[in-house]
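S.K.: Next up, work03.txt (compact mmCIF, C-alpha atoms).
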```
# COMPACT_ATOMS: atom_id res chain seq x y z
CA MET P 13 78.65 48.40 -37.58
CA THR P 14 81.88 49.64 -39.20
CA LEU P 15 84.19 52.31 -37.85
CA LYS P 16 83.09 54.57 -40.72
CA SER P 17 79.52 54.46 -39.41
CA ILE P 18 80.30 54.84 -35.71
CA TRP P 19 81.75 58.33 -36.22
CA ARG P 20 78.31 59.69 -37.07
CA PHE P 21 77.08 58.75 -33.61
CA ILE P 22 80.23 60.07 -31.93
CA LEU P 23 79.89 63.45 -33.65
CA ARG P 24 76.26 63.61 -32.57
CA LEU P 25 77.05 62.44 -29.00
CA PHE P 26 79.56 65.23 -28.44
CA GLY P 27 77.53 67.85 -30.32
CA LEU P 28 80.18 68.24 -32.98
CA GLU P 29 77.82 68.14 -35.98
CA LYS P 30 76.68 71.67 -35.16
CA LYS P 31 80.30 72.83 -35.07
CA GLY P 32 80.87 71.77 -38.67
CA MET P 33 82.98 68.69 -38.00
CA ASP P 34 83.40 66.83 -41.29
CA GLU P 35 82.03 63.29 -41.16
CA LYS P 36 83.50 62.62 -44.62
CA GLN P 37 86.97 63.36 -43.24
CA MET P 38 86.45 60.77 -40.53
CA GLN P 39 85.37 58.24 -43.12
CA SER P 40 88.39 59.06 -45.32
CA ASN P 41 90.70 58.46 -42.36
CA ALA P 42 89.05 55.09 -41.77
CA GLN P 43 89.47 54.26 -45.46
CA TYR P 44 93.19 55.09 -45.31
CA ALA P 45 93.57 52.65 -42.41
CA ASP P 46 91.64 49.90 -44.24
CA GLN P 47 93.80 50.29 -47.35
CA TYR P 48 97.04 50.18 -45.38
CA GLU P 49 95.96 47.10 -43.41
CA ASP P 50 94.86 45.20 -46.53
CA SER P 51 97.17 42.19 -46.84
CA SER P 52 95.18 40.33 -49.51
CA LYS P 53 97.22 41.79 -52.39
CA ILE P 54 100.36 43.76 -53.16
CA ASN P 55 100.19 46.86 -50.95
CA PHE P 56 102.25 49.71 -52.39
CA THR P 57 101.38 52.04 -49.50
CA SER P 58 102.86 49.50 -47.09
CA ILE P 59 105.94 49.03 -49.31
CA PHE P 60 106.71 52.77 -49.38
CA ALA P 61 105.92 53.23 -45.68
CA ASN P 62 108.13 50.37 -44.55
CA LYS P 63 111.04 51.24 -46.84
CA LEU P 64 111.10 54.93 -45.88
CA THR P 65 110.72 54.03 -42.19
CA THR P 66 113.77 51.75 -42.41
CA LEU P 67 115.81 54.51 -44.04
CA ALA P 68 114.62 57.08 -41.49
CA VAL P 69 115.10 55.31 -38.16
CA SER P 70 117.55 52.44 -38.57
CA GLU P 71 120.93 52.82 -36.84
CA SER P 72 119.71 56.00 -35.11
CA THR P 73 119.50 56.71 -31.39
CA ALA P 74 117.71 59.03 -28.95
CA ASP P 75 118.69 59.80 -25.36
CA ILE P 76 117.74 61.98 -22.39
CA ASP P 77 120.44 64.30 -21.12
CA GLY P 78 120.12 65.09 -17.40
CA ASP P 79 121.53 64.07 -14.04
CA ASN P 80 118.42 63.64 -11.89
CA ALA P 81 115.61 61.20 -11.12
CA ARG P 82 113.20 62.81 -13.60
CA ALA P 83 115.72 62.42 -16.42
CA ASP P 84 116.14 58.75 -15.50
CA PHE P 85 112.36 58.27 -15.47
CA LEU P 86 111.97 59.91 -18.88
CA GLN P 87 114.88 57.87 -20.24
CA ASP P 88 112.80 54.76 -19.52
CA CYS P 89 109.78 56.37 -21.21
CA LEU P 90 111.89 57.25 -24.24
CA LYS P 91 113.34 53.75 -24.38
CA ASP P 92 109.85 52.26 -24.61
CA ILE P 93 108.61 54.57 -27.37
CA TRP P 94 111.91 54.36 -29.28
CA ALA P 95 111.71 50.57 -29.33
CA ASN P 96 108.43 50.98 -31.26
CA ARG P 97 109.71 53.66 -33.62
CA LYS P 98 109.38 51.49 -36.75
CA ARG P 99 105.80 50.51 -35.98
CA LEU P 100 104.94 54.11 -35.16
CA ALA P 101 106.56 55.62 -38.27
CA SER P 102 105.15 52.96 -40.61
CA ARG P 103 101.61 53.53 -39.36
CA MET P 104 102.05 57.29 -39.60
CA LEU P 105 103.12 57.05 -43.25
CA GLY P 106 100.64 54.30 -44.08
CA THR P 107 97.47 55.80 -42.58
CA GLY P 108 98.26 59.51 -42.46
CA GLY P 109 98.85 59.82 -38.74
CA CYS P 110 99.36 58.00 -35.47
CA ALA P 111 99.08 59.01 -31.81
CA ALA P 112 101.20 57.79 -28.89
CA VAL P 113 98.96 58.05 -25.82
CA PRO P 114 100.65 57.64 -22.41
CA TYR P 115 98.66 56.52 -19.38
CA VAL P 116 99.38 55.41 -15.83
CA LYS P 117 98.26 52.04 -14.48
CA ASP P 118 99.26 50.59 -11.12
CA GLY P 119 101.88 53.28 -10.64
CA GLU P 120 103.60 52.58 -13.97
CA LEU P 121 103.51 54.54 -17.20
CA HIS P 122 102.45 52.77 -20.40
CA PHE P 123 101.35 53.93 -23.82
CA ASP P 124 99.04 52.95 -26.69
CA LEU P 125 99.57 53.58 -30.39
CA ILE P 126 96.27 54.79 -31.86
CA PRO P 127 95.84 55.30 -35.63
CA GLN P 128 94.49 58.54 -37.03
CA SER P 129 91.27 56.75 -37.99
CA ARG P 130 90.35 56.62 -34.28
CA ILE P 131 90.99 60.30 -33.53
CA ILE P 132 88.83 63.42 -33.85
CA ILE P 133 90.75 66.67 -33.41
CA THR P 134 88.22 69.19 -32.10
CA SER P 135 90.45 72.23 -31.55
CA LYS P 136 93.99 73.49 -32.16
CA LYS P 137 95.98 76.52 -31.07
CA GLY P 138 98.72 76.99 -33.62
CA GLU P 139 100.42 73.61 -33.92
CA ARG P 140 99.29 72.49 -30.45
CA ILE P 141 96.23 70.26 -30.21
CA THR P 142 93.95 71.59 -27.44
CA GLY P 143 90.94 69.32 -27.93
CA ALA P 144 90.51 65.76 -29.18
CA ILE P 145 88.32 62.68 -28.87
CA LEU P 146 90.02 59.29 -29.02
CA LEU P 147 88.36 55.97 -29.64
CA ALA P 148 90.66 54.54 -27.00
CA ASP P 149 89.44 50.96 -26.79
CA SER P 150 86.78 48.53 -27.99
CA LYS P 151 85.41 45.30 -26.59
CA LYS P 152 82.97 42.67 -27.84
CA LEU P 153 80.56 41.21 -25.27
CA ASP P 154 77.46 39.11 -25.92
CA ASN P 155 77.70 39.69 -29.70
CA ARG P 156 77.73 43.45 -29.21
CA THR P 157 80.65 45.84 -29.59
CA TYR P 158 81.33 48.56 -27.04
CA TYR P 159 83.63 51.55 -27.47
CA ARG P 160 85.48 53.60 -24.86
CA LEU P 161 85.92 57.24 -25.83
CA THR P 162 88.39 59.59 -24.15
CA ASP P 163 87.71 63.31 -24.43
CA TYR P 164 90.62 65.76 -24.02
CA LYS P 165 89.73 69.44 -23.60
CA VAL P 166 92.00 72.36 -22.67
CA GLU P 167 90.28 75.44 -21.27
CA GLY P 168 92.58 78.21 -20.08
CA ASP P 169 95.51 76.34 -18.57
CA THR P 170 93.49 73.34 -17.37
CA LEU P 171 93.16 70.03 -19.19
CA THR P 172 90.08 67.89 -18.54
CA ILE P 173 90.20 64.20 -19.45
CA SER P 174 86.88 62.34 -19.38
CA ASN P 175 85.69 58.91 -20.54
CA ARG P 176 82.45 57.74 -22.11
CA VAL P 177 81.27 54.29 -23.17
CA ILE P 178 78.88 53.68 -26.09
CA ASP P 179 77.60 50.60 -27.88
CA GLU P 180 77.79 49.92 -31.61
CA TYR P 181 74.65 52.01 -32.19
CA GLY P 182 76.03 55.08 -30.46
CA SER P 183 73.94 54.72 -27.30
CA PRO P 184 75.50 55.23 -23.83
CA ALA P 185 76.43 51.91 -22.24
CA THR P 186 78.17 50.41 -19.22
CA VAL P 187 81.03 47.90 -19.30
CA GLU P 188 82.19 46.40 -16.01
CA GLU P 189 85.88 46.68 -16.89
CA TRP P 190 85.62 50.40 -17.63
CA LYS P 191 83.17 51.56 -14.97
CA ASP P 192 85.86 52.72 -12.52
CA LEU P 193 87.69 54.96 -15.00
CA ALA P 194 87.91 58.36 -13.35
CA ASP P 195 87.89 61.78 -14.98
CA HIS P 196 90.91 64.01 -14.44
CA SER P 197 91.55 67.74 -14.32
CA ILE P 198 95.18 68.82 -14.64
CA SER P 199 96.24 72.45 -14.31
CA GLY P 200 99.21 74.17 -15.91
CA VAL P 201 98.73 72.37 -19.25
CA ASP P 202 98.50 74.01 -22.68
CA ARG P 203 97.96 70.93 -24.90
CA VAL P 204 96.52 67.42 -24.88
CA LEU P 205 98.63 64.78 -23.13
CA PHE P 206 99.47 62.66 -26.15
CA ALA P 207 101.70 63.00 -29.19
CA PHE P 208 100.20 63.12 -32.68
CA PHE P 209 102.61 62.10 -35.42
CA LYS P 210 101.21 63.49 -38.68
CA SER P 211 102.50 62.33 -42.05
CA PRO P 212 104.67 65.02 -43.75
CA ILE P 213 102.81 64.51 -47.05
CA ASP P 214 100.75 67.53 -48.15
CA ASN P 215 97.03 66.73 -47.87
CA ARG P 216 96.22 69.42 -50.52
CA ARG P 217 93.38 70.82 -48.40
CA SER P 218 92.78 74.06 -46.56
CA SER P 219 92.66 72.23 -43.21
CA ASP P 220 95.83 70.56 -41.96
CA LYS P 221 94.44 68.78 -38.90
CA TYR P 222 94.96 65.34 -40.37
CA GLY P 223 97.64 63.72 -42.46
CA VAL P 224 97.40 61.57 -45.57
CA PRO P 225 99.18 58.32 -46.54
CA ILE P 226 102.52 58.31 -48.32
CA THR P 227 100.82 57.26 -51.60
CA TYR P 228 98.07 59.88 -51.40
CA GLY P 229 96.94 60.88 -54.92
CA CYS P 230 98.45 57.77 -56.53
CA ASP P 231 95.23 55.73 -56.80
CA GLU P 232 95.16 55.81 -60.60
CA LEU P 233 98.83 54.86 -60.88
CA ILE P 234 98.38 52.02 -58.40
CA ALA P 235 95.35 50.74 -60.35
CA GLU P 236 97.34 50.80 -63.62
CA THR P 237 100.25 49.01 -61.97
CA MET P 238 98.01 46.30 -60.54
CA GLU P 239 96.43 45.84 -63.98
CA CYS P 240 99.88 45.52 -65.56
CA LEU P 241 100.85 42.86 -63.00
CA LYS P 242 97.66 40.94 -63.83
CA GLU P 243 98.48 41.09 -67.54
CA ILE P 244 101.96 39.71 -66.87
CA GLU P 245 100.48 36.86 -64.84
CA LYS P 246 97.97 36.18 -67.61
CA GLU P 247 100.73 36.18 -70.23
CA PHE P 248 102.69 33.48 -68.38
CA LYS P 249 99.58 31.39 -67.74
CA ASN P 250 98.54 31.50 -71.39
CA LYS P 251 102.03 30.54 -72.55
CA LYS P 252 101.84 26.85 -73.39
CA SER P 253 103.58 24.96 -76.16
CA ARG P 254 101.38 22.90 -78.49
CA THR P 255 102.41 20.09 -80.84
CA PHE P 256 100.22 19.73 -83.92
CA ALA P 257 100.35 16.17 -85.32
CA ASP P 258 98.53 14.44 -88.14
CA GLU P 259 95.47 12.66 -86.74
CA ARG P 260 96.59 9.41 -88.40
CA LEU P 261 99.47 9.23 -85.86
CA PHE P 262 97.01 8.57 -83.00
CA ARG P 263 95.03 5.42 -82.41
CA PRO P 264 91.24 5.59 -82.21
CA ASP P 265 89.39 4.96 -78.95
CA PRO P 266 87.55 1.61 -79.23
CA THR P 267 84.50 3.02 -77.39
CA THR P 268 84.04 6.51 -78.83
CA GLY P 269 86.00 6.19 -82.05
CA LYS P 270 87.82 9.48 -81.29
CA ARG P 271 91.52 9.80 -81.65
CA ILE P 272 93.37 9.34 -78.33
CA LEU P 273 96.10 11.93 -77.64
CA PRO P 274 99.27 11.06 -75.66
CA ASP P 275 98.77 14.18 -73.47
CA ASP P 276 97.26 17.65 -73.65
CA SER P 277 100.33 19.07 -75.39
CA PHE P 278 99.32 17.30 -78.61
CA ILE P 279 96.53 18.43 -80.90
CA ALA P 280 95.29 16.16 -83.69
CA GLY P 281 94.61 17.70 -87.06
CA ASN P 282 94.58 17.12 -90.81
CA MET P 283 98.18 17.71 -91.92
CA GLU P 284 97.80 16.67 -95.60
CA ASP P 285 99.89 19.45 -97.16
CA ARG P 286 102.37 19.95 -94.27
CA ALA P 287 104.76 17.97 -92.14
CA ALA P 288 103.23 15.29 -89.96
CA ILE P 289 104.33 17.13 -86.80
CA GLU P 290 104.58 20.93 -86.21
CA ILE P 291 105.34 22.72 -82.92
CA PHE P 292 103.69 25.98 -81.86
CA SER P 293 105.59 27.73 -79.04
CA PRO P 294 105.02 31.52 -78.94
CA ASP P 295 107.51 33.78 -77.18
CA ILE P 296 106.45 35.41 -73.91
CA ARG P 297 106.16 39.17 -74.35
CA ASP P 298 107.97 39.79 -71.08
CA SER P 299 110.14 42.62 -72.38
CA SER P 300 107.20 44.84 -73.35
CA TYR P 301 105.26 44.15 -70.18
CA TYR P 302 108.22 44.67 -67.85
CA ASN P 303 109.20 47.89 -69.61
CA ARG P 304 105.71 49.22 -68.92
CA LEU P 305 105.82 47.97 -65.33
CA LEU P 306 109.18 49.68 -64.77
CA HIS P 307 107.78 52.89 -66.25
CA LEU P 308 104.81 52.76 -63.86
CA PHE P 309 107.15 52.13 -60.91
CA GLU P 310 109.22 55.20 -61.85
CA LEU P 311 106.08 57.34 -62.16
CA MET P 312 104.92 56.19 -58.72
CA GLU P 313 108.27 57.05 -57.14
CA LYS P 314 108.07 60.52 -58.68
CA ALA P 315 104.47 60.95 -57.51
CA VAL P 316 105.38 60.01 -53.94
CA GLY P 317 108.47 62.23 -54.05
CA THR P 318 111.30 59.72 -53.74
CA SER P 319 114.34 58.99 -55.86
CA LYS P 320 114.83 55.70 -57.66
CA GLY P 321 115.51 52.75 -55.40
CA ILE P 322 112.16 52.17 -53.67
CA LEU P 323 110.39 50.16 -56.38
CA THR P 324 113.15 50.34 -58.99
CA ALA P 325 116.85 49.60 -58.85
CA PRO P 326 118.99 52.49 -57.51
CA GLU P 327 121.28 54.28 -59.95
CA THR P 328 124.67 53.26 -58.60
CA ARG P 329 126.42 51.47 -61.47
CA GLY P 330 129.60 53.34 -62.39
CA ALA P 331 128.60 56.33 -60.25
CA THR P 332 130.92 58.20 -57.91
CA ALA P 333 130.07 58.79 -54.25
CA THR P 334 129.02 62.37 -55.05
CA GLU P 335 126.81 61.20 -57.91
CA ILE P 336 125.18 58.57 -55.70
CA LYS P 337 124.36 61.23 -53.08
CA ALA P 338 122.81 63.44 -55.76
CA SER P 339 120.78 60.53 -57.17
CA ILE P 340 119.06 59.83 -53.82
CA TYR P 341 118.58 63.44 -52.70
CA ASP P 342 114.76 63.35 -53.08
CA THR P 343 114.52 60.27 -50.85
CA TYR P 344 116.91 61.79 -48.33
CA ALA P 345 114.87 65.03 -48.21
CA LEU P 346 111.72 63.01 -47.47
CA VAL P 347 113.58 61.03 -44.80
CA ALA P 348 114.63 64.33 -43.20
CA ASP P 349 110.97 65.43 -43.10
CA ILE P 350 109.99 62.14 -41.44
CA ARG P 351 112.70 62.59 -38.82
CA ALA P 352 111.51 66.13 -38.07
CA VAL P 353 107.99 64.79 -37.41
CA LEU P 354 109.39 62.08 -35.14
CA GLU P 355 111.49 64.59 -33.18
CA ASN P 356 108.54 66.93 -32.59
CA GLY P 357 106.22 64.05 -31.74
CA ILE P 358 108.62 62.44 -29.27
CA ASP P 359 109.15 65.85 -27.62
CA ASP P 360 105.35 66.10 -27.18
CA TYR P 361 105.20 62.53 -25.87
CA LEU P 362 107.90 63.15 -23.26
CA HIS P 363 106.18 66.42 -22.27
CA ALA P 364 103.01 64.39 -21.63
CA CYS P 365 105.00 61.83 -19.60
CA ASP P 366 106.58 64.69 -17.62
CA VAL P 367 103.16 66.16 -16.77
CA LEU P 368 101.77 62.75 -15.79
CA ALA P 369 104.83 62.11 -13.61
CA ASN P 370 104.03 65.32 -11.72
CA TYR P 371 100.31 64.57 -11.48
CA TYR P 372 100.77 61.01 -10.17
CA GLY P 373 104.00 61.67 -8.25
CA LEU P 374 105.94 59.06 -10.22
CA SER P 375 109.33 60.76 -9.76
CA PRO P 376 110.84 63.98 -8.37
CA MET P 377 110.91 66.97 -10.70
CA GLY P 378 114.06 67.80 -12.65
CA GLU P 379 115.44 69.29 -15.86
CA TYR P 380 116.03 67.19 -18.95
CA GLU P 381 116.93 67.54 -22.63
CA VAL P 382 116.20 65.18 -25.52
CA LYS P 383 119.01 64.44 -27.96
CA PHE P 384 118.71 62.61 -31.28
CA ASP P 385 121.57 61.06 -33.19
CA TRP P 386 120.34 60.24 -36.69
CA SER P 387 122.22 57.91 -39.00
CA TYR P 388 123.53 59.39 -42.25
CA SER P 389 124.70 56.09 -43.70
CA MET P 390 122.47 56.53 -46.76
CA ILE P 391 124.50 59.57 -47.88
CA GLU P 392 127.82 58.94 -46.12
CA SER P 393 130.19 56.00 -46.16
CA SER P 394 131.36 54.55 -42.85
CA THR P 395 134.97 55.15 -43.90
CA GLU P 396 134.36 58.88 -44.41
CA SER P 397 132.45 59.17 -41.13
CA TRP P 398 135.18 57.38 -39.19
CA ALA P 399 137.86 59.63 -40.67
CA GLN P 400 135.84 62.73 -39.73
CA LEU P 401 135.34 61.46 -36.17
CA LYS P 402 139.06 60.77 -35.71
CA ASP P 403 139.94 64.22 -37.02
CA ALA P 404 137.35 65.82 -34.72
CA GLN P 405 138.71 63.92 -31.72
CA ALA P 406 142.28 64.89 -32.60
CA MET P 407 141.20 68.56 -32.82
CA GLY P 408 139.53 68.34 -29.41
CA ILE P 409 135.99 69.03 -30.61
CA LYS P 410 134.84 65.42 -30.04
CA SER P 411 135.55 63.27 -27.00
CA LYS P 412 136.77 59.69 -27.06
CA ALA P 413 133.46 58.70 -25.48
CA GLU P 414 131.51 60.19 -28.41
CA VAL P 415 133.73 58.34 -30.85
CA ARG P 416 133.17 55.09 -28.95
CA VAL P 417 129.39 55.63 -28.93
CA TRP P 418 129.55 55.90 -32.73
CA LEU P 419 131.28 52.52 -32.82
CA ASN P 420 128.91 51.05 -30.19
CA PRO P 421 125.48 52.68 -30.63
CA ASN P 422 123.96 50.65 -27.78
CA GLU P 423 126.21 52.34 -25.19
CA THR P 424 125.41 55.63 -23.49
CA LEU P 425 128.04 58.36 -23.14
CA GLU P 426 128.49 57.46 -19.47
CA GLU P 427 129.00 53.77 -20.27
CA ALA P 428 131.45 54.64 -23.03
CA GLN P 429 133.46 56.89 -20.70
CA GLU P 430 133.66 54.13 -18.08
CA LYS P 431 134.92 51.68 -20.69
CA ILE P 432 137.57 54.14 -21.87
CA LEU P 433 138.82 54.69 -18.31
CA GLU P 434 138.93 50.93 -17.79
CA ILE P 435 140.96 50.46 -20.99
CA GLN P 436 143.37 53.24 -20.02
CA LYS P 437 143.85 51.66 -16.61
CA ASN P 438 144.54 48.20 -18.00
CA GLU P 439 146.50 49.34 -21.05
CA PRO P 440 148.38 52.57 -20.17
CA THR P 441 150.14 54.43 -22.95
CA MET P 442 153.95 54.95 -22.98
CA THR P 443 153.45 58.59 -22.00
CA GLU P 444 151.40 57.57 -18.97
CA LEU P 445 154.02 54.94 -17.97
CA LEU P 446 156.82 57.51 -18.12
CA GLY P 447 154.75 60.06 -16.21
CA GLU P 448 155.23 62.79 -18.75
```
With the file now loaded, output its structure as structure tokens.
M.R.:
Amino acid sequence: MTLKSIWRFILRLFGLEKKGMDEKQMQSNAQYADQYEDSSKINFTSIFANKLTTLAVSESTADIDGDNARADFLQDCLKDIWANRKRLASRMLGTGGCAAVPYVKDGELHFDLIPQSRIIITSKKGERITGAILLADSKKLDNRTYYRLTDYKVEGDTLTISNRVIDEYGSPATVEEWKDLADHSISGVDRVLFAFFKSPIDNRRSSDKYGVPITYGCDELIAETMECLKEIEKEFKNKKSRTFADERLFRPDPTTGKRILPDDSFIAGNMEDRAAIEIFSPDIRDSSYYNRLLHLFELMEKAVGTSKGILTAPETRGATATEIKASIYDTYALVADIRAVLENGIDDYLHACDVLANYYGLSPMGEYEVKFDWSYSMIESSTESWAQLKDAQAMGIKSKAEVRVWLNPNETLEEAQEKILEIQKNEPTMTELLGE
């Protein structure tokens, strides 16, 4: 049984059919995931998702600011989720949404990335999700598939987390590996303990619970583009030179009496009124086909909301730096939207880790702050950025440590400051030597 079918049983199991939960929406989410995961042909959704993810998160950093054990604990949590930022963002843009679900096992915090197709949002309060059902895991045993469902429900200021197991027909079942999973009740919580990263693309519906893929609404354009690519392939396959020669130039086969051709490039014929040999070699109509393909690529970029440079060549020839910035503004605006989603989602994820740390006693409590340092290399040159940093440091509004972190993104501020002190100790300036 497919994932599209299993939702019907899940909705019935939790009594959600009576509450007007849309089964078609669940099936659409599953379809988005299937389309994104399809690797049997050119996948334009994957191309856009991967390209925009690279522009959004590459050369960027995120850190926890705080001088306590809880900040150190959350820094490790952030490090783990940040290492998977490309996978997370690509799936969000490719399927419409993705959840990062933290959990504690053997005293350590881990997380799972769950696509939108395995999530039912049952209730929201503003932008906060207060109820959800996750298809958290699946397992095949004895030719049957079993599913583990996790139900999150906030009532008042208490979150209840419970687990259920069903088989592929929606009936309650028992799996040895999951039988000891306990239910939890956590007080002082106003949202579910996972982060939902929803695609910034408008779903064009009255309900905004779920996101849509980056190429949402481009089905007709994608179909036309795929057809154009097939025509180009057909054009090249059909292109084959033929040599027409008078049949008297070939010797007859002693068995059949038919004329024997040297190879399949030659065709025998009656050439009485023409030259004994003529060559037919039609030109490939590549110019017309590729002009249409380029036009379709440009239409798709406009439909998605990006500038040129995703499927087509960027407009950089003979352009000034200001003109280049203007030419990619649409793409940059979309990248900014993606970064805003990532910031909010990671804040929610760390909030969930913070609550779980309190519940399981993983570390002492303490204050913390999340800081993001996004790369602007797509609209700024490194030379300009370096000049601005040096001016800021000279004016006293940036420290040497911040400048060094820009040069060495893998270092923290504390590590950079230690390196600077070490350099100053080993290589004192003339002013320091003179004691002035």
S.K.: Which residue is closest to Asn356 of chain P? Choose from P:Gly321, P:Pro212, P:Gly143, P:Gly223 and count all atoms listed in the file.
M.R.: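 Ranking P:Gly321, P:Pro212, P:Gly143, P:Gly223 by distance to Asn356 of chain P, first place goes to P:Pro212.
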S.K.: To one decimal place, how far is atom CA of His196 of chain P from atom CA of Tyr159 of chain P in Å?
M.R.: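 About the pair atom CA of His196 of chain P and atom CA of Tyr159 of chain P: they are 19.4 Å apart.
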S.K.: What gap, in Å, lies between atom CA of His122 of chain P and atom CA of His363 of chain P?
M.R.: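 According to the coordinates, atom CA of His122 of chain P and atom CA of His363 of chain P are separated by 14.3 Å.
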S.K.: To one decimal place in Å, what is the distance between atom CA of Lys242 of chain P and atom CA of Ser58 of chain P?
M.R.: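 Those two atoms sit 19.5 Å apart.
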S.K.: Counting only C-alpha atoms, which residue out of P:His307, P:Lys431, P:Arg82, P:Lys191 sits closest to Glu236 of chain P?
M.R.: P:His307
S.K.: Give me, as a tab-separated table, each residue of segment 135-184 of chain P that comes within 12 Å of segment 101-114 of chain P, together with its shortest interatomic pair and the distance in Å at one decimal, counting only C-alpha atoms, with rows ordered by chain and rising residue number.
M.R.:
```
residue	atom	partner	partner_atom	distance
P:Ile141	CA	P:Ala111	CA	11.7
P:Ala144	CA	P:Ala111	CA	11.2
P:Ile145	CA	P:Ala111	CA	11.7
P:Leu146	CA	P:Ala111	CA	9.5
P:Leu147	CA	P:Ala111	CA	11.4
P:Ala148	CA	P:Val113	CA	9.1
P:Asp149	CA	P:Val113	CA	11.9
P:Thr162	CA	P:Val113	CA	10.8
P:Tyr164	CA	P:Val113	CA	11.5
```
S.K.: Return the single residue from P:Glu381, P:Ile350, P:Asp359, P:Val166 that is closest to Lys98 of chain P, with distances computed using all atoms listed in the file.
M.R.: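 When distances to Lys98 of chain P are compared using all atoms listed in the file, the smallest one comes from P:Ile350.
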S.K.: Near Ile54 of chain P, within 12 Å and counting only C-alpha atoms, which residues show up once chain neighbours fewer than 6 positions away are dropped, as a ChimeraX atom specification?
M.R.: /P:47-48,60,234-235,237-239,241-242
S.K.: Would you mind telling me which residue in P:Asn96, P:Ser397, P:Val353, P:Lys402 lies nearest to Ser70 of chain P when using all atoms listed in the file?
M.R.: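 Among the listed residues, the smallest separation from Ser70 of chain P belongs to P:Asn96.
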S.K.: Around the point (110.3, 62.8, -46.3) in the file's coordinates, collect all residues with an atom within 9 Å, using all atoms listed in the file, and return them as a PyMOL selection string.
M.R.: chain P and resi 64+68+211-213+317-318+342-352
S.K.: Rank P:Ala325, P:Ala207, P:Leu171, P:Cys365 by their smallest atom-to-atom distance to Asp88 of chain P, using all atoms listed in the file, and report the top residue only.
M.R.: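 Distance minimum relative to Asp88 of chain P lands on P:Cys365.
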S.K.: Using only C-alpha atoms, find each residue of segment 101-175 of chain P with at least one atom at most 9 Å away from an atom of segment 34-41 of chain P; report its shortest atom-to-atom pair and that distance in Å (one decimal), sort the rows by chain and rising residue number, and return the result as CSV.
M.R.:
```
residue,atom,partner,partner_atom,distance
P:Thr107,CA,P:Asn41,CA,7.3
P:Gly108,CA,P:Asn41,CA,7.6
P:Gln128,CA,P:Asn41,CA,6.5
P:Ser129,CA,P:Asn41,CA,4.7
P:Arg130,CA,P:Asn41,CA,8.3
P:Ile131,CA,P:Met38,CA,8.4
P:Ile132,CA,P:Met38,CA,7.6
```
S.K.: Name all residues at most 9 Å from Glu430 of chain P (count only C-alpha atoms; drop same-chain ones fewer than 5 positions away) and give them as a VMD selection string.
M.R.: chain P and resid 413 425 435
S.K.: Could you save those same residues with C-alpha atoms as a short mmCIF file (atom, residue, chain, number, x, y, z; two decimals), in the coordinates of the input?
M.R.:
```
data_model
loop_
_atom_site.label_atom_id
_atom_site.label_comp_id
_atom_site.auth_asym_id
_atom_site.auth_seq_id
_atom_site.Cartn_x
_atom_site.Cartn_y
_atom_site.Cartn_z
CA ALA P 413 133.46 58.70 -25.48
CA LEU P 425 128.04 58.36 -23.14
CA ILE P 435 140.96 50.46 -20.99
#
```
S.K.: Name the residues in contact with Lys91 of chain P at a cut-off of 10 Å, using all atoms listed in the file, excluding same-chain residues fewer than 6 positions from it; report them as a ChimeraX atom specification.
M.R.: /P:73-76,97
